[in-house]
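Colleague: The structure file my_file28.pdb (PDB, C-alpha atoms) is provided below.
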ATOM      1  CA  MET A 625       0.840 100.885   0.145  1.00  0.00           C
ATOM      2  CA  THR A 626       1.561  97.207   0.649  1.00  0.00           C
ATOM      3  CA  ALA A 627       1.020  95.444   3.967  1.00  0.00           C
ATOM      4  CA  GLU A 628       4.790  95.129   4.457  1.00  0.00           C
ATOM      5  CA  ALA A 629       5.310  98.857   3.864  1.00  0.00           C
ATOM      6  CA  ALA A 630       2.488  99.787   6.244  1.00  0.00           C
ATOM      7  CA  LYS A 631       3.941  97.505   8.906  1.00  0.00           C
ATOM      8  CA  GLY A 632       7.360  99.109   8.476  1.00  0.00           C
ATOM      9  CA  THR A 633       5.874 102.583   8.785  1.00  0.00           C
ATOM     10  CA  ARG A 634       4.092 101.670  12.022  1.00  0.00           C
ATOM     11  CA  ALA A 635       7.311 100.163  13.399  1.00  0.00           C
ATOM     12  CA  ARG A 636       9.288 103.316  12.585  1.00  0.00           C
ATOM     13  CA  THR A 637       6.578 105.441  14.201  1.00  0.00           C
ATOM     14  CA  ARG A 638       6.706 103.394  17.382  1.00  0.00           C
ATOM     15  CA  LEU A 639      10.495 103.638  17.461  1.00  0.00           C
ATOM     16  CA  GLY A 640      10.324 107.379  16.855  1.00  0.00           C
ATOM     17  CA  ASP A 641       7.926 107.820  19.783  1.00  0.00           C
ATOM     18  CA  TRP A 642      10.036 105.682  22.113  1.00  0.00           C
ATOM     19  CA  GLU A 643      12.140 107.588  24.615  1.00  0.00           C
ATOM     20  CA  PRO A 644      15.008 106.024  26.561  1.00  0.00           C
ATOM     21  CA  PRO A 645      14.453 105.806  30.319  1.00  0.00           C
ATOM     22  CA  SER A 646      15.931 108.586  32.393  1.00  0.00           C
ATOM     23  CA  ALA A 647      18.950 108.031  34.628  1.00  0.00           C
ATOM     24  CA  LYS A 648      16.637 108.299  37.638  1.00  0.00           C
ATOM     25  CA  ARG A 649      14.398 105.528  36.292  1.00  0.00           C
ATOM     26  CA  VAL A 650      17.395 103.322  35.545  1.00  0.00           C
ATOM     27  CA  LEU A 651      18.585 103.819  39.143  1.00  0.00           C
ATOM     28  CA  ASP A 652      15.115 103.038  40.490  1.00  0.00           C
ATOM     29  CA  LEU A 653      14.768  99.909  38.388  1.00  0.00           C
ATOM     30  CA  THR A 654      18.231  98.430  38.968  1.00  0.00           C
ATOM     31  CA  LEU A 655      18.710  99.308  42.630  1.00  0.00           C
ATOM     32  CA  GLY A 656      15.040  98.783  43.478  1.00  0.00           C
ATOM     33  CA  SER A 657      15.058  95.303  41.918  1.00  0.00           C
ATOM     34  CA  ALA A 658      18.267  94.385  43.770  1.00  0.00           C
ATOM     35  CA  LEU A 659      16.893  95.602  47.103  1.00  0.00           C
ATOM     36  CA  LEU A 660      13.625  93.765  46.537  1.00  0.00           C
ATOM     37  CA  ALA A 661      15.477  90.522  45.819  1.00  0.00           C
ATOM     38  CA  LEU A 662      17.553  90.913  48.997  1.00  0.00           C
ATOM     39  CA  ALA A 663      14.574  91.885  51.149  1.00  0.00           C
ATOM     40  CA  SER A 664      12.160  89.231  49.829  1.00  0.00           C
ATOM     41  CA  PRO A 665      13.003  86.536  52.449  1.00  0.00           C
ATOM     42  CA  LEU A 666      12.607  89.069  55.264  1.00  0.00           C
ATOM     43  CA  LEU A 667       9.365  90.390  53.803  1.00  0.00           C
ATOM     44  CA  GLY A 668       8.038  86.848  53.419  1.00  0.00           C
ATOM     45  CA  ALA A 669       8.851  86.013  57.028  1.00  0.00           C
ATOM     46  CA  GLY A 670       7.231  89.239  58.207  1.00  0.00           C
ATOM     47  CA  ALA A 671       4.089  88.552  56.197  1.00  0.00           C
ATOM     48  CA  LEU A 672       3.826  85.020  57.616  1.00  0.00           C
ATOM     49  CA  ALA A 673       4.287  86.310  61.176  1.00  0.00           C
ATOM     50  CA  LEU A 674       1.563  88.894  60.638  1.00  0.00           C
ATOM     51  CA  ALA A 675      -0.759  86.334  59.055  1.00  0.00           C
ATOM     52  CA  ALA A 676      -0.355  84.085  62.093  1.00  0.00           C
ATOM     53  CA  ARG A 677      -1.534  86.934  64.338  1.00  0.00           C
ATOM     54  CA  ARG A 678      -4.519  87.607  62.031  1.00  0.00           C
ATOM     55  CA  PRO A 679      -4.523  91.400  62.342  1.00  0.00           C
ATOM     56  CA  PRO A 680      -7.809  93.170  61.574  1.00  0.00           C
ATOM     57  CA  GLY A 681      -7.784  94.347  57.987  1.00  0.00           C
ATOM     58  CA  GLY A 682      -5.274  91.734  56.828  1.00  0.00           C
ATOM     59  CA  VAL A 683      -1.513  91.695  56.396  1.00  0.00           C
ATOM     60  CA  LEU A 684      -1.355  94.744  54.120  1.00  0.00           C
ATOM     61  CA  THR A 685      -2.542  98.308  54.447  1.00  0.00           C
ATOM     62  CA  ARG A 686      -3.986  99.829  51.293  1.00  0.00           C
ATOM     63  CA  SER A 687      -4.408 103.558  50.835  1.00  0.00           C
ATOM     64  CA  PRO A 688      -4.786 105.805  47.766  1.00  0.00           C
ATOM     65  CA  ARG A 689      -1.886 108.110  46.966  1.00  0.00           C
ATOM     66  CA  ILE A 690      -1.173 110.734  44.315  1.00  0.00           C
ATOM     67  CA  GLY A 691       1.607 109.875  41.869  1.00  0.00           C
ATOM     68  CA  LEU A 692       3.207 111.393  38.796  1.00  0.00           C
ATOM     69  CA  ASP A 693       0.900 113.628  36.726  1.00  0.00           C
ATOM     70  CA  GLY A 694      -1.711 113.492  39.483  1.00  0.00           C
ATOM     71  CA  ARG A 695      -2.443 109.815  38.860  1.00  0.00           C
ATOM     72  CA  VAL A 696      -3.960 107.979  41.829  1.00  0.00           C
ATOM     73  CA  PHE A 697      -2.531 104.585  42.792  1.00  0.00           C
ATOM     74  CA  VAL A 698      -3.113 102.276  45.759  1.00  0.00           C
ATOM     75  CA  LEU A 699      -0.095 102.122  48.073  1.00  0.00           C
ATOM     76  CA  CYS A 700       0.335  98.727  49.766  1.00  0.00           C
ATOM     77  CA  SER A 701       2.484  98.252  52.873  1.00  0.00           C
ATOM     78  CA  LEU A 702       2.984  95.564  55.499  1.00  0.00           C
ATOM     79  CA  ARG A 703       1.232  96.332  58.794  1.00  0.00           C
ATOM     80  CA  THR A 704       4.430  96.518  60.828  1.00  0.00           C
ATOM     81  CA  ARG A 705       7.200  99.081  61.577  1.00  0.00           C
ATOM     82  CA  ARG A 706       9.728  96.501  62.742  1.00  0.00           C
ATOM     83  CA  LEU A 707      12.984  96.547  60.794  1.00  0.00           C
ATOM     84  CA  ARG A 708      11.284  99.125  58.520  1.00  0.00           C
ATOM     85  CA  LEU A 709       9.452  96.272  56.803  1.00  0.00           C
ATOM     86  CA  ASP A 710       6.584  98.615  55.960  1.00  0.00           C
ATOM     87  CA  LEU A 711       9.015 100.714  53.927  1.00  0.00           C
ATOM     88  CA  LEU A 712      10.721  97.740  52.264  1.00  0.00           C
ATOM     89  CA  SER A 713       7.362  96.248  51.342  1.00  0.00           C
ATOM     90  CA  ARG A 714       6.801  99.255  49.046  1.00  0.00           C
ATOM     91  CA  LEU A 715       9.725  98.268  46.795  1.00  0.00           C
ATOM     92  CA  PRO A 716       7.395  96.592  44.241  1.00  0.00           C
ATOM     93  CA  HIS A 717       5.897 100.060  43.667  1.00  0.00           C
ATOM     94  CA  VAL A 718       9.406 101.316  42.822  1.00  0.00           C
ATOM     95  CA  VAL A 719      10.015  98.519  40.318  1.00  0.00           C
ATOM     96  CA  ARG A 720       6.551  99.007  38.813  1.00  0.00           C
ATOM     97  CA  GLY A 721       7.068 102.757  38.494  1.00  0.00           C
ATOM     98  CA  ASP A 722       4.486 104.110  40.951  1.00  0.00           C
ATOM     99  CA  LEU A 723       7.223 105.316  43.311  1.00  0.00           C
ATOM    100  CA  SER A 724      10.816 106.397  42.985  1.00  0.00           C
ATOM    101  CA  LEU A 725      13.506 105.428  45.471  1.00  0.00           C
ATOM    102  CA  VAL A 726      13.856 109.119  46.369  1.00  0.00           C
ATOM    103  CA  GLY A 727      11.178 111.757  46.113  1.00  0.00           C
ATOM    104  CA  PRO A 728       8.546 113.722  48.004  1.00  0.00           C
ATOM    105  CA  GLU A 729       6.274 111.934  50.433  1.00  0.00           C
ATOM    106  CA  PRO A 730       3.358 110.145  48.711  1.00  0.00           C
ATOM    107  CA  LEU A 731       0.267 112.096  49.767  1.00  0.00           C
ATOM    108  CA  PRO A 732      -3.403 111.039  49.883  1.00  0.00           C
ATOM    109  CA  PRO A 733      -5.719 112.678  47.349  1.00  0.00           C
ATOM    110  CA  ASP A 734      -7.439 114.880  49.938  1.00  0.00           C
ATOM    111  CA  ASP A 735      -4.181 116.356  51.269  1.00  0.00           C
ATOM    112  CA  GLY A 736      -4.094 120.135  50.803  1.00  0.00           C
ATOM    113  CA  ARG A 737      -0.445 120.030  49.760  1.00  0.00           C
ATOM    114  CA  ASN A 738      -1.514 118.531  46.426  1.00  0.00           C
ATOM    115  CA  ARG A 739      -3.368 121.672  45.385  1.00  0.00           C
ATOM    116  CA  ALA A 740      -1.965 124.049  42.790  1.00  0.00           C
ATOM    117  CA  ASP A 741      -0.908 127.591  43.553  1.00  0.00           C
ATOM    118  CA  PRO A 742      -4.125 129.587  44.254  1.00  0.00           C
ATOM    119  CA  ALA A 743      -2.669 132.461  42.229  1.00  0.00           C
ATOM    120  CA  GLY A 744      -2.572 130.319  39.121  1.00  0.00           C
ATOM    121  CA  THR A 745      -5.473 130.206  36.686  1.00  0.00           C
ATOM    122  CA  PRO A 746      -6.562 127.057  34.843  1.00  0.00           C
ATOM    123  CA  GLY A 747      -4.163 126.351  31.998  1.00  0.00           C
ATOM    124  CA  SER A 748      -1.363 128.518  33.402  1.00  0.00           C
ATOM    125  CA  PRO A 749       1.984 126.997  34.501  1.00  0.00           C
ATOM    126  CA  ALA A 750       1.283 127.948  38.122  1.00  0.00           C
ATOM    127  CA  ALA A 751      -1.939 125.934  38.039  1.00  0.00           C
ATOM    128  CA  ARG A 752       0.058 122.681  37.758  1.00  0.00           C
ATOM    129  CA  HIS A 753       1.498 121.850  41.156  1.00  0.00           C
ATOM    130  CA  TRP A 754       5.185 120.965  41.246  1.00  0.00           C
ATOM    131  CA  ARG A 755       4.345 117.685  43.019  1.00  0.00           C
ATOM    132  CA  GLN A 756       2.710 116.488  39.798  1.00  0.00           C
ATOM    133  CA  GLU A 757       6.066 116.759  38.026  1.00  0.00           C
ATOM    134  CA  LEU A 758       7.761 114.183  40.291  1.00  0.00           C
ATOM    135  CA  LYS A 759       7.108 110.651  41.408  1.00  0.00           C
ATOM    136  CA  PRO A 760       6.726 110.344  45.171  1.00  0.00           C
ATOM    137  CA  GLY A 761       9.540 108.511  46.862  1.00  0.00           C
ATOM    138  CA  LEU A 762      10.244 105.571  49.130  1.00  0.00           C
ATOM    139  CA  THR A 763      12.393 107.977  51.110  1.00  0.00           C
ATOM    140  CA  GLY A 764      13.404 111.578  50.586  1.00  0.00           C
ATOM    141  CA  LEU A 765      15.088 114.705  51.783  1.00  0.00           C
ATOM    142  CA  THR A 766      12.278 115.336  54.272  1.00  0.00           C
ATOM    143  CA  GLN A 767      12.619 111.908  55.891  1.00  0.00           C
ATOM    144  CA  VAL A 768      16.395 112.169  56.137  1.00  0.00           C
ATOM    145  CA  ARG A 769      16.513 115.720  57.513  1.00  0.00           C
ATOM    146  CA  SER A 770      13.598 115.207  59.900  1.00  0.00           C
ATOM    147  CA  ARG A 771      15.898 113.135  62.092  1.00  0.00           C
ATOM    148  CA  SER A 772      18.108 116.166  62.682  1.00  0.00           C
ATOM    149  CA  GLY A 773      15.453 117.924  64.763  1.00  0.00           C
ATOM    150  CA  MET A 774      16.324 121.299  63.268  1.00  0.00           C
ATOM    151  CA  PRO A 775      13.424 123.778  63.546  1.00  0.00           C
ATOM    152  CA  TRP A 776      13.922 125.174  60.022  1.00  0.00           C
ATOM    153  CA  ASP A 777      13.644 121.762  58.354  1.00  0.00           C
ATOM    154  CA  GLU A 778       9.999 122.164  57.341  1.00  0.00           C
ATOM    155  CA  PRO A 779       8.768 119.169  55.279  1.00  0.00           C
ATOM    156  CA  ALA A 780       7.053 121.315  52.634  1.00  0.00           C
ATOM    157  CA  LEU A 781      10.179 123.434  52.100  1.00  0.00           C
ATOM    158  CA  LEU A 782      12.431 120.382  51.934  1.00  0.00           C
ATOM    159  CA  ASP A 783      10.182 118.680  49.382  1.00  0.00           C
ATOM    160  CA  GLN A 784      10.107 121.812  47.246  1.00  0.00           C
ATOM    161  CA  HIS A 785      13.890 122.181  47.510  1.00  0.00           C
ATOM    162  CA  TYR A 786      14.251 118.612  46.272  1.00  0.00           C
ATOM    163  CA  ALA A 787      11.856 119.296  43.399  1.00  0.00           C
ATOM    164  CA  GLU A 788      14.000 122.242  42.286  1.00  0.00           C
ATOM    165  CA  HIS A 789      17.388 120.512  42.605  1.00  0.00           C
ATOM    166  CA  HIS A 790      16.707 116.794  42.162  1.00  0.00           C
ATOM    167  CA  GLY A 791      19.128 114.627  40.249  1.00  0.00           C
ATOM    168  CA  VAL A 792      20.907 111.285  40.467  1.00  0.00           C
ATOM    169  CA  GLY A 793      23.730 112.773  42.563  1.00  0.00           C
ATOM    170  CA  LEU A 794      21.316 114.145  45.161  1.00  0.00           C
ATOM    171  CA  ASP A 795      19.361 110.883  45.118  1.00  0.00           C
ATOM    172  CA  LEU A 796      22.503 108.870  45.877  1.00  0.00           C
ATOM    173  CA  ALA A 797      23.439 111.240  48.711  1.00  0.00           C
ATOM    174  CA  ILE A 798      19.951 110.912  50.241  1.00  0.00           C
ATOM    175  CA  LEU A 799      20.008 107.124  49.917  1.00  0.00           C
ATOM    176  CA  ALA A 800      23.435 106.981  51.565  1.00  0.00           C
ATOM    177  CA  SER A 801      22.189 109.122  54.435  1.00  0.00           C
ATOM    178  CA  ALA A 802      19.008 107.061  54.760  1.00  0.00           C
ATOM    179  CA  VAL A 803      21.117 103.925  55.237  1.00  0.00           C
ATOM    180  CA  HIS A 804      23.917 105.507  57.291  1.00  0.00           C
ATOM    181  CA  VAL A 805      21.806 107.127  60.028  1.00  0.00           C
ATOM    182  CA  PRO A 806      19.924 103.975  61.152  1.00  0.00           C
ATOM    183  CA  LEU A 807      23.125 101.902  61.033  1.00  0.00           C
ATOM    184  CA  ARG A 808      24.985 104.462  63.113  1.00  0.00           C
ATOM    185  CA  GLY A 809      22.161 104.480  65.649  1.00  0.00           C
ATOM    186  CA  ALA A 810      22.208 100.685  65.854  1.00  0.00           C
ATOM    187  CA  VAL A 811      25.982 100.614  66.366  1.00  0.00           C
ATOM    188  CA  ARG A 812      25.758 103.235  69.106  1.00  0.00           C
ATOM    189  CA  GLY A 813      22.983 101.272  70.791  1.00  0.00           C
ATOM    190  CA  LEU A 814      25.094  98.126  70.793  1.00  0.00           C
ATOM    191  CA  ALA A 815      28.068 100.059  72.164  1.00  0.00           C
ATOM    192  CA  ARG A 816      26.009 101.517  75.015  1.00  0.00           C
ATOM    193  CA  ARG A 817      24.589  98.091  75.800  1.00  0.00           C
ATOM    194  CA  GLY A 818      28.092  96.643  75.986  1.00  0.00           C
ATOM    195  CA  LYS A 819      29.266  99.374  78.369  1.00  0.00           C
ATOM    196  CA  ALA A 820      26.259  98.826  80.601  1.00  0.00           C
ATOM    197  CA  HIS A 821      27.249  95.189  81.130  1.00  0.00           C
ATOM    198  CA  LEU A 822      30.940  95.931  81.694  1.00  0.00           C
ATOM    199  CA  SER A 823      31.766  96.484  85.393  1.00  0.00           C
ATOM    200  CA  ASP A 824      34.792  98.545  86.362  1.00  0.00           C
ATOM    201  CA  THR A 825      35.930  95.623  88.530  1.00  0.00           C
ATOM    202  CA  ASP A 826      35.599  92.906  85.886  1.00  0.00           C
ATOM    203  CA  HIS A 827      39.261  93.188  84.910  1.00  0.00           C
ATOM    204  CA  ARG A 828      40.608  93.082  88.469  1.00  0.00           C
ATOM    205  CA  LEU A 829      42.217  90.044  90.020  1.00  0.00           C
ATOM    206  CA  SER A 830      40.312  87.934  92.523  1.00  0.00           C
ATOM    207  CA  GLY A 831      40.814  89.098  96.112  1.00  0.00           C
ATOM    208  CA  TYR A 832      41.315  92.710  95.030  1.00  0.00           C
ATOM    209  CA  SER A 833      39.933  95.230  97.514  1.00  0.00           C
ATOM    210  CA  THR A 834      39.170  98.884  96.858  1.00  0.00           C
ATOM    211  CA  VAL A 835      40.018  99.606 100.507  1.00  0.00           C
ATOM    212  CA  GLU A 836      43.577  98.433  99.895  1.00  0.00           C
ATOM    213  CA  GLU A 837      43.810 100.720  96.869  1.00  0.00           C
ATOM    214  CA  VAL A 838      42.689 103.760  98.886  1.00  0.00           C
ATOM    215  CA  GLY A 839      45.170 102.928 101.660  1.00  0.00           C
ATOM    216  CA  SER A 840      48.052 102.593  99.259  1.00  0.00           C
ATOM    217  CA  VAL A 841      47.287 105.914  97.634  1.00  0.00           C
ATOM    218  CA  SER A 842      47.025 107.746 100.941  1.00  0.00           C
ATOM    219  CA  THR A 843      50.380 106.436 102.218  1.00  0.00           C
ATOM    220  CA  ASP A 844      52.313 107.618  99.156  1.00  0.00           C
TER     221      ASP A 844
END
Would you kindly transcribe this structure into structure tokens?

Modeller:
Amino acid sequence: MTAEAAKGTRARTRLGDWEPPSAKRVLDLTLGSALLALASPLLGAGALALAARRPPGGVLTRSPRIGLDGRVFVLCSLRTRRLRLDLLSRLPHVVRGDLSLVGPEPLPPDDGRNRADPAGTPGSPAARHWRQELKPGLTGLTQVRSRSGMPWDEPALLDQHYAEHHGVGLDLAILASAVHVPLRGAVRGLARRGKAHLSDTDHRLSGYSTVEEVGSVSTD
């Protein structure tokens, strides 16, 4: 076989082994990249503000987490909860492929929820935990439903429900809810603040007296 023929064979083999990215990965890559570009100025400002305060341990937190196929990666986050910058600072993990936009919570290696079903024997399907079949997520069904305060919304059950029914449609619904709930809370907070500063006499003419109003009502 000539060198050209061997090269062509290797090229065809590589093309044959190549698989197109899933719809979920396309969503993660496109939307994650767009969000990272939009959030970069805010993340930069937050990092500079933290650096000026010189927090112990540095600007970033680093902790091992379990990813797809049980692979361990180091999760980096900004050391702040303001404006959810800690969450936004994880977007590079989404673009890189360590995280998905939506998925179960990324757990540390020593978390008991990573363990396979005790009933399963090595090599059996039950021995491979369902968490190993999914990338952990930036947000997820557990995080969205936990705000409802419902007693039956157990995190483990919600994560397993997502694992059984996940898809792009469910991901989009979770992302919409993750954005909608904080915005609605902020709008309500602004509305309450506006009402607190509005006096029931602000719209009345100067010289108006509540005593006169009571007298006029009683004489009618």

Colleague: Check what the PyMOL selection byres ((chain A and resi 728) around 12) selects in the file above and give those residues as a PyMOL selection string.

Modeller: chain A and resi 689-692+723-727+729-731+737-738+754-768+779-788+790+795+798

Colleague: May I have the protein, DNA and RNA residues with any atom at most 12 Å from the point (12.4, 89.2, 56.4), counting all atoms listed in the file, written as a list in words?

Modeller: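 Output: Leu660, Ala661, Leu662, Ala663, Ser664, Pro665, Leu666, Leu667, Gly668, Ala669, Gly670, Ala671, Leu672, Ala673, Leu674, Leu702, Thr704, Arg706, Leu707, Arg708, Leu709, Asp710, Leu712 and Ser713 of chain A.
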
Colleague: Mind giving me the straight-line distance from atom CA of Gly793 of chain A to atom CA of Ser701 of chain A in Å, one decimal?

Modeller: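 Straight-line distance from atom CA of Gly793 of chain A to atom CA of Ser701 of chain A works out to 27.7 Å.
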
Colleague: Quick one: which residues end up in the PyMOL selection byres ((chain A and resi 696-699) around 8) for this structure, as a tab-separated table (two decimals) with C-alpha atoms, in the frame of the given file?

Modeller:
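Everything below was put into result29.tsv:
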chain	number	residue	atom	x	y	z
A	685	THR	CA	-2.54	98.31	54.45
A	686	ARG	CA	-3.99	99.83	51.29
A	687	SER	CA	-4.41	103.56	50.84
A	688	PRO	CA	-4.79	105.80	47.77
A	689	ARG	CA	-1.89	108.11	46.97
A	690	ILE	CA	-1.17	110.73	44.32
A	691	GLY	CA	1.61	109.88	41.87
A	694	GLY	CA	-1.71	113.49	39.48
A	695	ARG	CA	-2.44	109.82	38.86
A	700	CYS	CA	0.34	98.73	49.77
A	701	SER	CA	2.48	98.25	52.87
A	714	ARG	CA	6.80	99.26	49.05
A	717	HIS	CA	5.90	100.06	43.67
A	722	ASP	CA	4.49	104.11	40.95
A	733	PRO	CA	-5.72	112.68	47.35

Colleague: Atom CA of Leu653 of chain A to atom CA of Val792 of chain A: how many Å, to one decimal?

Modeller: 13.1 Å

Colleague: Measure the distance from atom CA of Gly656 of chain A to atom CA of Pro716 of chain A in Å and round it to one decimal.

Modeller: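 Spanning atom CA of Gly656 of chain A to atom CA of Pro716 of chain A is a straight-line distance of 8.0 Å.
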